[in-house]
$ cat protein04.txt   # compact mmCIF, C-alpha atoms
# COMPACT_ATOMS: atom_id res chain seq x y z
CA MET A 1 9.29 3.24 14.15
CA LEU A 2 10.06 4.03 10.53
CA ILE A 3 8.39 3.54 7.17
CA GLU A 4 10.11 4.12 3.83
CA ILE A 5 8.88 4.05 0.23
CA LYS A 6 11.73 3.52 -2.24
CA ASP A 7 11.57 4.15 -5.98
CA SER A 8 14.86 2.37 -6.71
CA PRO A 9 16.28 -1.03 -5.73
CA PHE A 10 17.36 -1.47 -2.11
CA GLU A 11 19.33 -4.11 -0.25
CA PRO A 12 17.12 -5.17 2.69
CA TYR A 13 19.84 -6.72 4.87
CA GLN A 14 22.09 -3.70 4.50
CA ARG A 15 19.18 -1.36 5.34
CA LEU A 16 18.31 -3.53 8.34
CA LEU A 17 21.85 -3.36 9.65
CA GLU A 18 22.06 0.43 9.14
CA TYR A 19 18.77 0.99 10.93
CA GLN A 20 19.60 -1.32 13.82
CA SER A 21 23.06 0.24 14.29
CA ALA A 22 21.59 3.74 14.47
CA ALA A 23 18.62 2.80 16.68
CA GLY A 24 18.75 3.46 20.39
CA PHE A 25 17.80 0.00 21.59
CA ALA A 26 21.19 -1.77 21.62
CA GLY A 27 21.30 -4.23 24.50
CA LYS A 28 17.51 -4.03 25.01
CA TYR A 29 16.34 -6.50 22.36
CA GLY A 30 16.60 -10.26 22.44
CA ALA A 31 14.63 -10.88 19.27
CA THR A 32 14.57 -9.51 15.73
CA ALA A 33 11.92 -10.86 13.35
CA VAL A 34 12.63 -10.10 9.70
CA PHE A 35 10.45 -10.63 6.65
CA VAL A 36 11.68 -9.95 3.12
CA GLY A 37 9.30 -10.26 0.18
CA SER A 38 10.85 -10.55 -3.30
CA MET A 39 9.56 -10.53 -6.83
CA ARG A 40 8.96 -13.97 -8.40
CA GLU A 41 9.62 -14.73 -12.06
CA PHE A 42 6.25 -16.51 -12.26
CA ASN A 43 2.66 -15.82 -11.20
CA GLN A 44 -0.60 -17.66 -11.86
CA GLY A 45 1.16 -20.02 -14.26
CA ASP A 46 2.79 -17.31 -16.40
CA ASP A 47 6.37 -16.07 -16.71
CA VAL A 48 6.68 -12.51 -15.42
CA GLU A 49 9.45 -10.42 -17.01
CA ALA A 50 9.03 -7.21 -15.03
CA MET A 51 6.60 -5.48 -12.72
CA LEU A 52 5.40 -1.95 -12.00
CA LEU A 53 4.42 -1.10 -8.45
CA GLU A 54 2.10 1.88 -8.06
CA HIS A 55 1.01 3.55 -4.81
CA TYR A 56 -1.19 6.37 -3.53
CA PRO A 57 1.29 8.98 -2.28
CA GLY A 58 0.24 10.11 1.17
CA MET A 59 -2.35 7.42 1.87
CA THR A 60 0.18 4.59 1.57
CA GLU A 61 2.47 6.23 4.13
CA LYS A 62 -0.50 7.01 6.36
CA TYR A 63 -1.60 3.37 6.44
CA LEU A 64 1.89 1.98 6.97
CA GLN A 65 2.23 4.39 9.89
CA LYS A 66 -1.20 3.38 11.18
CA ILE A 67 -0.47 -0.36 11.16
CA SER A 68 2.95 0.26 12.77
CA GLU A 69 1.24 2.14 15.60
CA GLU A 70 -1.38 -0.60 15.95
CA ALA A 71 1.36 -3.25 16.25
CA ALA A 72 3.17 -1.17 18.88
CA LYS A 73 -0.05 -1.01 20.93
CA LYS A 74 -0.91 -4.69 20.59
CA TRP A 75 2.51 -6.14 21.39
CA ASP A 76 5.39 -5.27 23.65
CA ILE A 77 7.89 -4.37 20.94
CA LEU A 78 10.86 -2.00 20.95
CA ASP A 79 10.76 -0.82 17.35
CA SER A 80 9.63 -1.63 13.81
CA LEU A 81 10.81 -0.86 10.30
CA ILE A 82 8.89 -1.15 7.02
CA VAL A 83 10.56 -0.51 3.65
CA HIS A 84 8.51 -0.96 0.45
CA ARG A 85 9.47 -0.56 -3.20
CA ILE A 86 7.52 1.29 -5.87
CA GLY A 87 8.29 1.71 -9.58
CA GLU A 88 9.81 -0.67 -12.12
CA MET A 89 11.05 -3.98 -10.74
CA LEU A 90 12.71 -7.12 -12.05
CA PRO A 91 12.49 -10.72 -10.81
CA ASN A 92 14.46 -11.32 -7.62
CA ASP A 93 14.27 -7.62 -6.61
CA PRO A 94 13.26 -7.18 -2.96
CA ILE A 95 9.75 -5.67 -2.71
CA VAL A 96 9.27 -5.30 1.02
CA LEU A 97 11.21 -5.48 4.28
CA VAL A 98 9.45 -5.74 7.64
CA ALA A 99 11.54 -5.94 10.81
CA VAL A 100 10.43 -5.93 14.42
CA TRP A 101 12.59 -5.84 17.55
CA SER A 102 11.45 -6.99 20.98
CA ALA A 103 12.86 -8.30 24.24
CA HIS A 104 11.37 -11.77 23.68
CA ARG A 105 10.60 -13.65 20.47
CA ALA A 106 6.82 -14.01 20.66
CA ALA A 107 6.08 -10.29 20.29
CA ALA A 108 8.51 -9.88 17.37
CA PHE A 109 7.08 -12.92 15.52
CA ASP A 110 3.45 -11.90 16.06
CA ALA A 111 3.91 -8.21 15.32
CA SER A 112 5.87 -8.84 12.10
CA ARG A 113 3.17 -11.23 10.87
CA TYR A 114 0.52 -8.63 11.70
CA LEU A 115 2.40 -5.88 9.85
CA MET A 116 2.73 -7.99 6.69
CA GLU A 117 -0.89 -9.17 6.69
CA GLU A 118 -2.25 -5.67 7.32
CA LEU A 119 0.10 -4.16 4.71
CA LYS A 120 -1.21 -6.66 2.16
CA SER A 121 -4.87 -5.99 2.92
CA ARG A 122 -4.88 -2.22 3.64
CA ALA A 123 -1.88 -0.34 2.22
CA PRO A 124 -2.69 1.11 -1.22
CA PHE A 125 -0.14 -0.48 -3.55
CA TRP A 126 -0.93 -2.09 -6.91
CA LYS A 127 1.14 -4.46 -9.05
CA LYS A 128 1.11 -4.52 -12.83
CA GLU A 129 2.94 -7.47 -14.37
CA ASN A 130 4.78 -7.46 -17.65
CA LEU A 131 4.25 -10.85 -19.32
CA VAL A 132 5.50 -12.12 -22.67
CA GLU A 133 1.95 -11.60 -24.01
CA GLY A 134 1.53 -8.09 -22.58
CA GLU A 135 0.65 -6.29 -19.35
CA ARG A 136 -1.70 -7.46 -16.59
CA TRP A 137 -2.83 -5.88 -13.32
CA VAL A 138 -2.66 -8.29 -10.39
CA ASP A 139 -6.31 -8.35 -9.29
CA LYS A 140 -5.94 -9.72 -5.78
CA ASN A 141 -3.38 -10.66 -3.18
CA THR A 142 -2.96 -14.30 -2.23
CA MET B 1 -13.25 25.15 -3.30
CA SER B 2 -14.19 21.98 -5.15
CA ILE B 3 -13.63 18.28 -4.52
CA THR B 4 -10.52 16.59 -5.93
CA VAL B 5 -11.01 13.08 -7.29
CA LYS B 6 -8.24 10.55 -7.92
CA PHE B 7 -8.29 7.20 -9.70
CA PHE B 8 -5.55 4.60 -9.33
CA ALA B 9 -4.20 1.53 -11.12
CA SER B 10 -6.66 -0.43 -13.33
CA LEU B 11 -9.47 1.94 -12.39
CA ARG B 12 -7.51 4.93 -13.71
CA GLU B 13 -7.14 3.13 -17.05
CA GLN B 14 -10.84 2.20 -17.17
CA VAL B 15 -11.99 5.71 -16.29
CA GLY B 16 -9.40 7.20 -18.65
CA GLN B 17 -8.07 9.91 -16.33
CA PRO B 18 -5.92 10.06 -13.20
CA GLU B 19 -7.68 13.03 -11.63
CA ALA B 20 -10.85 15.11 -11.82
CA GLU B 21 -12.50 18.03 -10.04
CA VAL B 22 -16.15 18.19 -9.10
CA SER B 23 -18.18 20.99 -7.55
CA GLU B 24 -19.40 20.25 -4.02
CA ASN B 25 -22.77 21.70 -5.07
CA VAL B 26 -23.64 18.75 -7.31
CA VAL B 27 -22.61 15.82 -5.08
CA LYS B 28 -23.60 14.64 -1.61
CA THR B 29 -21.85 11.27 -1.29
CA VAL B 30 -18.84 9.35 -2.57
CA ALA B 31 -21.19 7.42 -4.88
CA ASP B 32 -22.38 10.74 -6.38
CA VAL B 33 -18.74 11.72 -6.97
CA TRP B 34 -18.16 8.48 -8.91
CA ASN B 35 -21.29 8.93 -11.03
CA THR B 36 -20.55 12.57 -11.82
CA THR B 37 -16.90 12.13 -12.74
CA THR B 38 -17.32 8.93 -14.78
CA ASN B 39 -20.55 9.82 -16.63
CA ASP B 40 -22.44 7.14 -14.70
CA MET B 41 -20.06 4.34 -15.62
CA SER B 42 -20.97 1.24 -13.57
CA ILE B 43 -18.56 0.92 -10.68
CA PRO B 44 -16.47 -2.27 -10.81
CA GLU B 45 -17.15 -4.79 -8.04
CA ASN B 46 -14.68 -4.59 -5.12
CA THR B 47 -13.78 -0.95 -5.83
CA LEU B 48 -12.25 0.65 -2.73
CA MET B 49 -12.99 4.26 -1.80
CA ALA B 50 -11.20 6.79 0.38
CA VAL B 51 -11.94 10.31 1.56
CA ASN B 52 -8.95 12.33 2.70
CA MET B 53 -6.88 9.14 2.66
CA ASP B 54 -9.14 7.05 4.90
CA TYR B 55 -11.26 4.14 3.69
CA VAL B 56 -15.00 4.90 3.52
CA GLU B 57 -18.22 3.38 2.15
CA SER B 58 -19.95 4.76 -0.95
CA THR B 59 -22.62 6.42 1.21
CA HIS B 60 -20.02 8.60 2.99
CA ALA B 61 -20.84 12.33 2.75
CA VAL B 62 -18.40 14.65 0.95
CA LYS B 63 -17.71 18.36 1.33
CA ALA B 64 -15.69 21.13 -0.32
CA GLY B 65 -11.95 20.57 -0.09
CA ASP B 66 -12.21 16.79 0.24
CA GLU B 67 -9.94 14.46 -1.70
CA VAL B 68 -11.88 11.42 -2.88
CA ALA B 69 -10.09 8.37 -4.32
CA PHE B 70 -11.26 5.23 -6.12
CA PHE B 71 -9.06 2.19 -6.63
CA PRO B 72 -9.11 -1.60 -7.06
CA PRO B 73 -8.23 -4.11 -4.29
CA VAL B 74 -4.68 -3.48 -3.09
CA THR B 75 -1.88 -5.87 -4.07
CA GLY B 76 1.27 -4.71 -2.25
CA GLY B 77 3.81 -6.71 -0.31

$ encode --input "protein04.txt" --output "structure tokens"
Amino acid sequence: MLIEIKDSPFEPYQRLLEYQSAAGFAGKYGATAVFVGSMREFNQGDDVEAMLLEHYPGMTEKYLQKISEEAAKKWDILDSLIVHRIGEMLPNDPIVLVAVWSAHRAAAFDASRYLMEELKSRAPFWKKENLVEGERWVDKNT
Amino acid sequence: MSITVKFFASLREQVGQPEAEVSENVVKTVADVWNTTTNDMSIPENTLMAVNMDYVESTHAVKAGDEVAFFPPVTGG
């Protein structure tokens, strides 16, 4: 179980491969569910040129850890990984990676969905968009 | 030992400061902390509150050494 906050661009598939290669569950898992969220170049009908992602150091990590532990209790999973960007971002940059490993697919699917939904509703991150007309805080998650 | 107060994102900009300190002698609840540190500014709807990095309601009691935070709805992921 690992959570990472990154202040510079990361390559989610490379990170996934590194983590999986170093993890101790080779041969144990039959399913890997992977979610990658990326920055769009549009939002609410406007072109977005760049974005700033802010977090609450300490509380963000605490809540990502908390939801990871909740998922491990609710489902029979082998491991989970959450990587989330902060700082200045450009369209197409990966924002978040969630990966879950389990013996069978149902637990990996369900736990990865849970991690993403809980991250979106509870982890203290905030997005500020840079539009042609100026800056705008994103006021709620869809 | 006083209470440390933090404001994040749009709330930090509205309040005009990222951090404040308040004496535990003048506040009993999280709502008191808001009123004292913002000069009774009306609190925006949907404001989230945390004490020592756990979500709480505005009626939650505070004590010396606590870290209290105010922030808008979260928009990560």

$ closest_residue --input "protein04.txt" --among "A:Arg40, A:Lys6, A:Lys127, A:Arg105" --to "chain B" --atoms "all atoms listed in the file"
A:Lys127

$ residues_around --input "protein04.txt" --residues "Pro9 in chain A" --least-positions-apart "5" --cutoff "12 Å" --atoms "all atoms listed in the file" --output "list in words"
Arg15, Ser38, Met39, Val83, His84, Arg85, Ile86, Gly87, Glu88, Met89, Leu90, Pro91, Asn92, Asp93, Pro94, Ile95 and Val96 of chain A

$ closest_residue --input "protein04.txt" --among "B:Val56, B:Ser2, B:Gly16, B:Lys63" --to "Met41 in chain B" --atoms "all atoms listed in the file"
B:Gly16

$ atom_distance --input "protein04.txt" --atom1 "CA of Glu11 in chain A" --atom2 "CA of Ile82 in chain A"
13.1 Å

$ interface_residues --input "protein04.txt" --of "chain B" --to "chain A" --cutoff "6 Å" --atoms "only C-alpha atoms" --output "list in words"
Met53, Val74, Thr75, Gly76 and Gly77 of chain B

$ atom_distance --input "protein04.txt" --atom1 "CA of Met49 in chain B" --atom2 "CA of Met1 in chain B"
20.9 Å

$ atom_distance --input "protein04.txt" --atom1 "CA of Ala31 in chain A" --atom2 "CA of Ala106 in chain A"
8.5 Å

$ residues_around --input "protein04.txt" --residues "Ala31 in chain B" --least-positions-apart "6" --cutoff "9 Å" --atoms "all atoms listed in the file" --output "list in words"
Glu57, Ser58, Thr59 and His60 of chain B

$ residues_around --input "protein04.txt" --residues "Gln14 in chain B" --least-positions-apart "4" --cutoff "10 Å" --atoms "only C-alpha atoms" --output "PyMOL selection string"
chain B and resi 7-10+38+41+44

$ residues_around --input "protein04.txt" --residues "Gly27 in chain A" --least-positions-apart "2" --cutoff "12 Å" --atoms "only C-alpha atoms" --output "MDAnalysis selection string"
chainID A and resid 20:21 23:25 29:31 78 101:103

$ closest_residue --input "protein04.txt" --among "A:Leu115, A:Val132, A:Ala50, A:Val100" --to "Leu16 in chain A" --atoms "all atoms listed in the file"
A:Val100
